[in-house]
$ cat start-v7.cif   # mmCIF, C-alpha atoms (C1' of nucleotides) and all ligand atoms
data_protein
loop_
_atom_site.label_atom_id
_atom_site.label_comp_id
_atom_site.auth_asym_id
_atom_site.auth_seq_id
_atom_site.Cartn_x
_atom_site.Cartn_y
_atom_site.Cartn_z
CA MET A 237 126.95 86.83 128.88
CA MET A 238 126.88 86.49 125.18
CA GLY A 239 128.61 83.20 124.67
CA ARG A 240 126.61 80.03 124.15
CA GLY A 241 128.32 78.48 121.16
CA ARG A 242 127.94 80.54 118.01
CA GLY A 243 125.74 83.06 119.71
CA ALA A 244 126.11 86.56 118.37
CA TRP A 245 126.17 89.75 120.39
CA TRP A 246 122.70 90.77 119.31
CA GLN A 247 120.90 87.54 120.08
CA ASP A 248 120.37 88.36 123.74
CA ARG A 249 118.84 91.66 122.78
CA PHE A 250 116.35 89.79 120.66
CA ALA A 251 115.51 87.45 123.49
CA ASP A 252 114.90 90.34 125.87
CA ARG A 253 112.36 91.75 123.51
CA GLY A 254 110.73 88.41 122.81
CA ALA A 255 111.75 88.63 119.18
CA ARG A 256 112.50 85.47 117.31
CA ILE A 257 115.82 84.81 115.73
CA THR A 258 114.90 83.87 112.20
CA ALA A 259 116.85 83.20 109.05
CA PRO A 260 115.92 86.46 107.33
CA ARG A 261 116.88 88.43 110.41
CA GLU A 262 120.20 86.69 110.69
CA VAL A 263 120.97 87.42 107.06
CA VAL A 264 120.17 91.10 107.47
CA LEU A 265 122.43 91.33 110.49
CA GLU A 266 125.23 89.55 108.65
CA ILE A 267 125.00 91.94 105.75
CA LEU A 268 125.05 94.95 108.00
CA GLN A 269 128.10 93.65 109.73
CA GLU A 270 129.99 93.07 106.52
CA THR A 271 129.72 96.57 105.17
CA ASP A 272 131.00 99.94 106.19
CA ASP A 273 128.57 101.77 103.99
CA HIS A 274 125.38 103.60 104.76
CA VAL A 275 123.05 101.20 103.01
CA THR A 276 119.49 101.62 101.82
CA ALA A 277 116.79 99.04 102.35
CA ALA A 278 117.10 98.14 98.69
CA ASP A 279 120.85 97.63 99.08
CA VAL A 280 120.24 95.19 101.87
CA TYR A 281 117.49 93.48 99.97
CA VAL A 282 119.68 92.79 96.95
CA LYS A 283 122.41 91.21 99.05
CA ALA A 284 119.95 89.29 101.18
CA HIS A 285 118.22 88.00 98.12
CA GLU A 286 121.53 86.66 96.78
CA ARG A 287 122.00 84.54 99.84
CA ASN A 288 118.42 83.48 100.20
CA PRO A 289 116.09 84.29 97.31
CA SER A 290 113.07 83.74 99.45
CA ILE A 291 113.73 86.82 101.53
CA GLY A 292 111.38 89.63 100.60
CA LEU A 293 111.84 93.37 100.58
CA THR A 294 109.05 93.80 103.08
CA THR A 295 110.87 91.76 105.66
CA VAL A 296 114.03 93.74 105.08
CA TYR A 297 112.12 96.92 105.84
CA ARG A 298 110.52 95.37 108.88
CA THR A 299 113.81 94.07 110.21
CA LEU A 300 115.60 97.36 109.70
CA ASP A 301 112.78 99.12 111.48
CA MET A 302 112.95 96.75 114.39
CA LEU A 303 116.70 97.06 114.67
CA THR A 304 116.37 100.81 114.60
CA GLN A 305 113.89 100.76 117.45
CA MET A 306 116.18 98.48 119.38
CA GLY A 307 119.03 100.92 118.90
CA ILE A 308 121.11 98.33 117.07
CA VAL A 309 120.87 100.24 113.85
CA GLN A 310 120.79 103.95 113.19
CA LYS A 311 118.62 105.38 110.45
CA PHE A 312 119.71 108.45 108.54
CA ASP A 313 118.42 110.73 105.88
CA PHE A 314 121.08 112.48 103.92
CA GLY A 315 118.68 114.12 101.54
CA ASP A 316 118.56 111.79 98.56
CA GLY A 317 115.10 110.50 99.24
CA LYS A 318 116.04 107.13 100.62
CA ALA A 319 116.60 106.20 104.23
CA ARG A 320 120.03 104.85 105.02
CA TYR A 321 120.95 102.44 107.76
CA GLU A 322 124.10 101.75 109.64
CA LEU A 323 124.99 99.33 112.39
CA VAL A 324 125.84 101.13 115.57
CA ASN A 325 128.10 100.09 118.39
CA ASN A 326 128.67 96.60 117.11
CA PRO A 327 131.72 95.00 118.71
CA GLY A 328 134.68 95.16 116.38
CA GLY A 329 132.84 97.47 114.05
CA LYS A 330 132.25 101.16 113.89
CA LYS A 331 131.60 103.08 117.03
CA HIS A 332 129.36 106.04 117.43
CA HIS A 333 130.44 108.76 115.05
CA HIS A 334 129.33 111.82 113.15
CA HIS A 335 129.06 112.71 109.50
CA LEU A 336 130.42 114.95 106.84
CA VAL A 337 128.20 115.11 103.75
CA CYS A 338 128.98 116.39 100.27
CA LEU A 339 125.97 118.28 98.98
CA ARG A 340 126.95 117.63 95.37
CA CYS A 341 127.81 113.95 95.10
CA LYS A 342 126.18 112.88 98.36
CA ALA A 343 129.37 111.24 99.53
CA ILE A 344 129.39 110.59 103.23
CA VAL A 345 132.45 110.62 105.45
CA ASP A 346 132.37 109.06 108.86
CA TYR A 347 134.73 111.02 110.95
CA THR A 348 135.99 109.86 114.25
CA GLU A 349 138.68 112.42 114.86
CA PHE A 350 137.90 114.97 117.51
CA LEU A 351 135.17 112.71 118.78
CA ASP A 352 136.37 112.76 122.35
CA ASP A 353 136.08 116.51 122.41
CA GLU A 354 132.72 116.34 120.74
CA LEU A 355 131.25 113.75 122.99
CA GLU A 356 132.31 115.56 126.09
CA PHE A 357 130.71 118.64 124.74
CA ILE A 358 127.58 116.82 123.61
CA GLY A 359 127.19 115.23 126.98
CA LYS A 360 127.20 118.56 128.69
CA THR A 361 124.72 120.08 126.29
CA GLN A 362 122.48 117.06 126.49
CA GLN A 363 122.30 117.38 130.22
CA ARG A 364 121.42 121.02 130.06
CA LEU A 365 118.74 120.42 127.43
CA SER A 366 117.22 117.47 129.26
CA LYS A 367 116.74 119.59 132.31
CA LYS A 368 115.53 122.73 130.63
CA TYR A 369 113.03 121.06 128.31
CA ASP A 370 112.23 118.00 130.37
CA PHE A 371 113.26 115.64 127.61
CA ASP A 372 114.48 112.12 128.01
CA ILE A 373 117.31 112.40 125.48
CA THR A 374 118.64 109.14 124.13
CA ASP A 375 120.51 110.05 121.00
CA HIS A 376 121.96 112.78 118.88
CA ALA A 377 123.31 113.47 115.44
CA ILE A 378 125.85 115.94 114.18
CA SER A 379 126.34 116.50 110.49
CA PHE A 380 128.48 118.93 108.57
CA TYR A 381 127.55 119.81 105.01
CA GLY A 382 129.74 121.09 102.25
CA VAL A 383 131.44 120.25 99.00
CA CYS A 384 134.14 117.63 98.79
CA ALA A 385 137.43 118.07 96.99
CA ARG A 386 136.47 116.06 93.92
CA CYS A 387 133.31 118.05 93.43
CA ARG A 388 135.14 121.34 93.38
CA MET B 230 113.90 151.28 103.94
CA MET B 231 115.67 148.36 102.56
CA GLY B 232 116.55 149.33 99.03
CA ARG B 233 114.75 150.15 95.86
CA GLY B 234 111.04 150.61 96.26
CA ARG B 235 109.21 147.54 97.52
CA GLY B 236 112.48 145.69 97.96
CA ALA B 237 112.78 142.95 100.53
CA TRP B 238 115.93 141.47 101.97
CA TRP B 239 115.85 138.47 99.67
CA GLN B 240 115.24 140.28 96.41
CA ASP B 241 118.87 141.05 95.82
CA ARG B 242 119.73 137.41 96.23
CA PHE B 243 117.24 136.60 93.51
CA ALA B 244 118.72 139.18 91.21
CA ASP B 245 122.21 137.81 91.71
CA ARG B 246 121.04 134.45 90.59
CA GLY B 247 119.04 135.77 87.68
CA ALA B 248 115.84 134.50 89.24
CA ARG B 249 112.64 136.35 88.63
CA ILE B 250 110.59 137.81 91.43
CA THR B 251 107.12 136.48 90.75
CA ALA B 252 103.85 136.54 92.62
CA PRO B 253 103.97 132.87 93.69
CA ARG B 254 107.50 133.27 94.98
CA GLU B 255 106.60 136.36 96.93
CA VAL B 256 103.69 134.57 98.53
CA VAL B 257 105.84 131.63 99.55
CA LEU B 258 108.38 133.93 101.13
CA GLU B 259 105.66 135.84 102.95
CA ILE B 260 104.26 132.64 104.39
CA LEU B 261 107.64 131.44 105.51
CA GLN B 262 108.23 134.72 107.25
CA GLU B 263 104.95 134.63 109.09
CA THR B 264 105.44 131.30 110.78
CA ASP B 265 107.78 129.90 113.36
CA ASP B 266 106.95 126.35 112.48
CA HIS B 267 108.80 123.77 110.49
CA VAL B 268 106.38 123.59 107.62
CA THR B 269 105.86 120.98 104.96
CA ALA B 270 105.40 121.76 101.30
CA ALA B 271 101.73 120.94 101.72
CA ASP B 272 101.46 123.37 104.63
CA VAL B 273 102.83 126.13 102.48
CA TYR B 274 100.63 125.15 99.59
CA VAL B 275 97.45 125.41 101.63
CA LYS B 276 98.27 128.87 102.88
CA ALA B 277 99.49 130.02 99.49
CA HIS B 278 96.36 128.74 97.88
CA GLU B 279 94.25 130.77 100.29
CA ARG B 280 95.89 133.97 99.18
CA ASN B 281 96.06 133.11 95.55
CA PRO B 282 94.13 130.05 94.40
CA SER B 283 96.04 129.90 91.17
CA ILE B 284 99.24 128.90 92.90
CA GLY B 285 99.96 125.22 92.42
CA LEU B 286 101.68 122.68 94.61
CA THR B 287 104.35 122.10 92.00
CA THR B 288 105.46 125.69 92.17
CA VAL B 289 105.59 125.54 95.93
CA TYR B 290 107.95 122.58 95.69
CA ARG B 291 110.05 124.30 93.07
CA THR B 292 110.28 127.49 95.06
CA LEU B 293 111.21 125.73 98.28
CA ASP B 294 113.86 123.80 96.39
CA MET B 295 115.29 126.94 94.95
CA LEU B 296 115.31 128.72 98.27
CA THR B 297 117.04 125.76 99.81
CA GLN B 298 119.76 125.83 97.18
CA MET B 299 120.16 129.53 97.77
CA GLY B 300 120.60 128.94 101.45
CA ILE B 301 117.58 131.08 102.30
CA VAL B 302 115.68 128.09 103.53
CA GLN B 303 116.83 125.00 105.35
CA LYS B 304 115.31 121.63 104.60
CA PHE B 305 114.96 119.04 107.32
CA ASP B 306 113.83 115.49 107.71
CA PHE B 307 112.66 114.61 111.17
CA GLY B 308 111.56 111.14 110.25
CA ASP B 309 107.86 111.48 109.54
CA GLY B 310 108.12 111.03 105.82
CA LYS B 311 107.71 114.65 104.82
CA ALA B 312 110.39 117.22 104.26
CA ARG B 313 110.16 120.29 106.43
CA TYR B 314 111.33 123.76 105.63
CA GLU B 315 112.37 126.69 107.71
CA LEU B 316 113.55 130.17 106.87
CA VAL B 317 117.09 130.68 107.96
CA ASN B 318 118.83 133.89 109.01
CA ASN B 319 116.00 136.13 108.03
CA PRO B 320 116.32 139.57 109.59
CA GLY B 321 114.02 139.91 112.57
CA GLY B 322 113.26 136.21 112.49
CA LYS B 323 114.89 133.14 113.87
CA LYS B 324 118.60 132.89 113.85
CA HIS B 325 120.62 129.78 113.32
CA HIS B 326 119.66 127.16 115.86
CA HIS B 327 119.60 123.47 116.62
CA HIS B 328 116.87 120.96 117.30
CA LEU B 329 115.44 118.71 119.92
CA VAL B 330 113.07 116.09 118.52
CA CYS B 331 110.54 113.89 120.29
CA LEU B 332 110.64 110.45 118.75
CA ARG B 333 107.09 109.72 119.81
CA CYS B 334 105.01 112.73 118.87
CA LYS B 335 107.55 114.26 116.50
CA ALA B 336 107.42 117.56 118.32
CA ILE B 337 110.34 119.79 117.49
CA VAL B 338 111.94 122.26 119.83
CA ASP B 339 114.19 124.99 118.52
CA TYR B 340 116.69 125.64 121.23
CA THR B 341 118.93 128.61 121.31
CA GLU B 342 120.32 128.27 124.79
CA PHE B 343 123.92 127.24 124.97
CA LEU B 344 124.28 128.21 121.36
CA ASP B 345 127.28 130.41 121.94
CA ASP B 346 129.13 127.51 123.45
CA GLU B 347 127.99 125.24 120.69
CA LEU B 348 128.90 127.55 117.88
CA GLU B 349 132.34 128.14 119.23
CA PHE B 350 132.83 124.44 119.46
CA ILE B 351 131.34 123.79 116.04
CA GLY B 352 133.57 126.40 114.49
CA LYS B 353 136.64 124.73 115.82
CA THR B 354 135.57 121.29 114.68
CA GLN B 355 134.54 122.58 111.29
CA GLN B 356 137.97 124.04 110.76
CA ARG B 357 139.66 120.83 111.70
CA LEU B 358 137.40 118.77 109.47
CA SER B 359 137.75 121.11 106.51
CA LYS B 360 141.48 120.75 106.63
CA LYS B 361 141.65 117.05 107.26
CA TYR B 362 139.11 116.02 104.65
CA ASP B 363 139.53 118.88 102.22
CA PHE B 364 135.89 119.81 102.42
CA ASP B 365 134.39 123.20 101.80
CA ILE B 366 132.02 123.14 104.75
CA THR B 367 129.13 125.56 104.57
CA ASP B 368 126.62 124.30 107.07
CA HIS B 369 125.91 121.93 109.88
CA ALA B 370 123.07 120.44 111.86
CA ILE B 371 122.85 119.23 115.40
CA SER B 372 119.84 117.31 116.61
CA PHE B 373 119.06 115.64 119.88
CA TYR B 374 116.46 112.88 119.99
CA GLY B 375 114.40 111.68 122.88
CA VAL B 376 110.98 111.61 124.43
CA CYS B 377 109.24 114.76 125.56
CA ALA B 378 107.50 115.15 128.91
CA ARG B 379 104.01 114.80 127.53
CA CYS B 380 104.86 111.55 125.81
CA ARG B 381 106.15 109.97 128.96
"C1'" DC C 1472 101.59 66.21 118.19
"C1'" DA C 1473 98.51 69.98 118.76
"C1'" DT C 1474 97.87 74.64 119.60
"C1'" DT C 1475 98.94 79.20 119.53
"C1'" DT C 1476 101.41 83.13 118.14
"C1'" DA C 1477 104.94 85.48 115.51
"C1'" DA C 1478 107.02 86.16 111.16
"C1'" DT C 1479 107.08 86.13 106.28
"C1'" DG C 1480 106.38 87.56 101.45
"C1'" DA C 1481 103.59 88.58 97.22
"C1'" DT C 1482 100.78 92.00 96.05
"C1'" DA C 1483 98.34 96.12 96.27
"C1'" DA C 1484 97.95 100.59 98.06
"C1'" DT C 1485 99.76 104.93 99.80
"C1'" DG C 1486 101.60 109.35 99.55
"C1'" DG C 1487 105.24 112.65 99.07
"C1'" DT C 1488 107.87 114.35 95.36
"C1'" DT C 1489 109.17 114.87 90.49
"C1'" DT C 1490 108.34 114.97 85.41
"C1'" DT C 1491 105.98 116.33 81.54
"C1'" DC C 1492 104.21 119.57 78.64
"C1'" DA C 1493 101.13 122.98 77.00
"C1'" DT C 1494 100.22 127.68 78.46
"C1'" DT C 1495 101.16 132.02 80.65
"C1'" DT C 1496 104.17 135.57 82.45
"C1'" DT C 1497 108.27 138.15 82.53
"C1'" DT C 1498 112.18 140.22 80.39
"C1'" DA C 1499 114.81 142.04 76.58
"C1'" DA C 1500 114.97 143.74 72.06
"C1'" DT C 1501 113.05 146.17 68.34
"C1'" DA D 273 104.01 149.52 72.53
"C1'" DT D 274 105.18 145.21 69.69
"C1'" DT D 275 107.56 141.45 69.24
"C1'" DA D 276 110.61 137.70 70.18
"C1'" DA D 277 113.09 134.84 73.51
"C1'" DA D 278 113.45 132.89 77.97
"C1'" DA D 279 111.73 131.65 82.34
"C1'" DA D 280 108.06 130.32 85.23
"C1'" DT D 281 103.75 128.13 86.06
"C1'" DG D 282 100.13 124.57 86.99
"C1'" DA D 283 97.27 120.38 85.89
"C1'" DA D 284 97.94 115.98 85.33
"C1'" DA D 285 100.51 111.90 85.09
"C1'" DA D 286 104.48 109.37 86.47
"C1'" DC D 287 107.67 108.00 89.94
"C1'" DC D 288 109.31 105.48 93.70
"C1'" DA D 289 110.32 104.60 98.54
"C1'" DT D 290 107.68 102.91 102.07
"C1'" DT D 291 103.52 100.71 104.25
"C1'" DA D 292 99.33 97.98 104.69
"C1'" DT D 293 96.87 93.65 103.56
"C1'" DC D 294 96.29 89.06 104.04
"C1'" DA D 295 96.91 84.33 103.17
"C1'" DT D 296 100.67 81.21 104.27
"C1'" DT D 297 104.55 79.37 106.81
"C1'" DA D 298 107.69 78.85 110.67
"C1'" DA D 299 108.58 78.98 115.50
"C1'" DA D 300 107.66 78.45 120.39
"C1'" DT D 301 105.03 76.13 124.03
"C1'" DG D 302 103.58 72.21 126.57
MN MN E 1601 128.15 106.73 109.46
MN MN E 1602 114.11 124.93 113.67
ZN ZN E 1603 131.28 115.48 96.47
ZN ZN E 1604 106.49 113.92 122.43
#
$ encode --input "start-v7.cif" --output "C-alpha cells" --more "lines below"
Ligand SMILES: [Mn+2]
Ligand SMILES: [Mn+2]
Ligand SMILES: [Zn+2]
Ligand SMILES: [Zn+2]
Amino acid sequence: MMGRGRGAWWQDRFADRGARITAPREVVLEILQETDDHVTAADVYVKAHERNPSIGLTTVYRTLDMLTQMGIVQKFDFGDGKARYELVNNPGGKKHHHHLVCLRCKAIVDYTEFLDDELEFIGKTQQRLSKKYDFDITDHAISFYGVCARCR
Amino acid sequence: MMGRGRGAWWQDRFADRGARITAPREVVLEILQETDDHVTAADVYVKAHERNPSIGLTTVYRTLDMLTQMGIVQKFDFGDGKARYELVNNPGGKKHHHHLVCLRCKAIVDYTEFLDDELEFIGKTQQRLSKKYDFDITDHAISFYGVCARCR
DNA sequence: CATTTAATGATAATGGTTTTCATTTTTAAT
DNA sequence: ATTAAAAATGAAAACCATTATCATTAAATG
C-alpha cells in the first residue's frame, strides 16, 4: 500500500532499495512530475536550485541516475549531446509511449495513438528475441525520425 | 562493374551533393565496409591512421557526420558515452535491422529475424503517424534492452 | 546521545566532440 | 600547364556534459 499520510507512490520503492528519502530527492521528483517535457539534467538543476539553492548539480545527476536504474525514470538520447529524462509510469502522468523526433529542430512528439497495436506487437517480438538470444529483456524504445511541418 | 572507372556505390551520392571524393573519405568508407561492428569515431580513427598516418581524428568526425547526414551511415547512442556508427544499406553488407542491447556489458546484437513482420508493422504505423502529425518520416529505430546470458 | 553509514555539494578532472585557423588539396578557369 | 577560387584537412585549443574526489553534513540505528 502506498498510503501513510502524504506518502508518494515512489517512496516505497525507495524503501525497498534502502535509499533514503531526502530533500534534494523529493525536489527532483516533484519537478519531474510537474513537467511533460523531456528534460536535461541542467533543466532539472535550474528548477531545483530555485526551490532550494543548496541543491547541487552533482546530486541532480546522481538522483536521475538512481531513478533511471530503478526504472522510475527513462533516459533518452535524441542526438543533441545531452541526455534527457522523463518520468515513466507515474500515476496520473504519462504512460509508456514512443517518440517521433524532428531531425531539424529536435522537437519531440510523444505519441500514444496506435500504442495498443504496437505493444501487442512488441510483446510478441520481445518474447521471440528473449528466447532466441537468451536475453532477459526489460525494456524497449521505438523512435521515428523525420522532419516536422514547421521545419519544411 | 559499377560505373565509371574505379567508381563505388557511394561515389554518385557524393557527386550529387557536390562533395569531393578524397583519400581520407575513401579510407573511412573502406573501413566501415570491412567491419560488422558498431564503431566509434576513435575506432575508425585508429584504423584509418594505420593506413594513412596523415589522417586526423577531426576529419574522421567530419566524414562520419557527413555520411550520417547523407543517410549512408547511421549514428547510434547505446548509452556508453560514445557515439557509434554503422554503414546502412550498403550493397553486399548489412541491411536495415534493429538492436538488442545488454545494459550490463553494452553488447549489441543486430537481429534480423522477425524483420519482415516488424517492417510491415512499422510501415503501417509510420503512415499513420505521418498523417496525424504531419511529419515527413524518413527513418526509425527499434531497440530492446535487457541483460544478456553471460551477464546473468 | 553516540555511532555508523549514506548523501551531499564544491571543485577538479575527464573525455568525447567541436571550433579555430593556417595550410594543403582539389576543382574550375584561363 | 598556370592560376585563381573553393573545399577539405589536421594540429591544437576550446567546449561542455558528465564523473570522480573528498571533506562535510544529514539520516538511520539503538
Ligand atoms: Mn516521451
Ligand atoms: Mn546494428
Ligand atoms: Zn522540426
Ligand atoms: Zn551482457
$ residues_around --input "start-v7.cif" --residues "DA289 of chain D" --least-positions-apart "4" --cutoff "9 Å" --atoms "all atoms listed in the file" --output "list in words"
Gly317, Lys318 and Ala319 of chain A
$ atom_distance --input "start-v7.cif" --atom1 "atom C1' of DT1488 of chain C" --atom2 "atom C1' of DA292 of chain D"
20.7 Å
$ residues_near_ligand --input "start-v7.cif" --ligand "ligand MN 1601 (chain E)" --cutoff "7 Å" --atoms "only C-alpha atoms (C1' of nucleotides) and all ligand atoms" --output "list in words"
His274, Glu322, His333, His334, His335 and Asp346 of chain A
$ residues_around --input "start-v7.cif" --residues "Ala255 of chain A" --least-positions-apart "3" --cutoff "12 Å" --atoms "all atoms listed in the file" --output "compact mmCIF listing (two decimals) with C-alpha atoms (C1' of nucleotides), keeping the file's coordinate frame"
# COMPACT_ATOMS: atom_id res chain seq x y z
CA TRP A 246 122.70 90.77 119.31
CA GLN A 247 120.90 87.54 120.08
CA ASP A 248 120.37 88.36 123.74
CA ARG A 249 118.84 91.66 122.78
CA PHE A 250 116.35 89.79 120.66
CA ALA A 251 115.51 87.45 123.49
CA ASP A 252 114.90 90.34 125.87
CA THR A 258 114.90 83.87 112.20
CA ARG A 261 116.88 88.43 110.41
CA THR A 299 113.81 94.07 110.21
CA MET A 302 112.95 96.75 114.39
CA LEU A 303 116.70 97.06 114.67
CA MET A 306 116.18 98.48 119.38
C1' DT C 1476 101.41 83.13 118.14
C1' DA C 1477 104.94 85.48 115.51
C1' DA C 1478 107.02 86.16 111.16
C1' DA D 299 108.58 78.98 115.50
C1' DA D 300 107.66 78.45 120.39
$ residues_near_ligand --input "start-v7.cif" --ligand "ligand ZN 1603 (chain E)" --cutoff "7 Å" --atoms "all atoms listed in the file" --output "PyMOL selection string"
chain A and resi 338-343+383-387
$ interface_residues --input "start-v7.cif" --of "chain C" --to "chain B" --cutoff "10 Å" --atoms "all atoms listed in the file" --output "number ranges by chain"
C: 1486-1489, 1496-1498
$ residues_near_ligand --input "start-v7.cif" --ligand "ligand MN 1602 (chain E)" --cutoff "12 Å" --atoms "all atoms listed in the file" --output "VMD selection string"
chain B and resid 264 to 268 302 to 307 313 to 318 322 to 330 336 to 341 370 to 372
$ residues_around --input "start-v7.cif" --residues "segment 347-351 of chain B" --least-positions-apart "3" --cutoff "9 Å" --atoms "only C-alpha atoms (C1' of nucleotides)" --output "list in words"
Glu354, Phe357, Ile358 and Thr361 of chain A; Phe343, Leu344, Thr354, Gln355, Gln356 and His369 of chain B
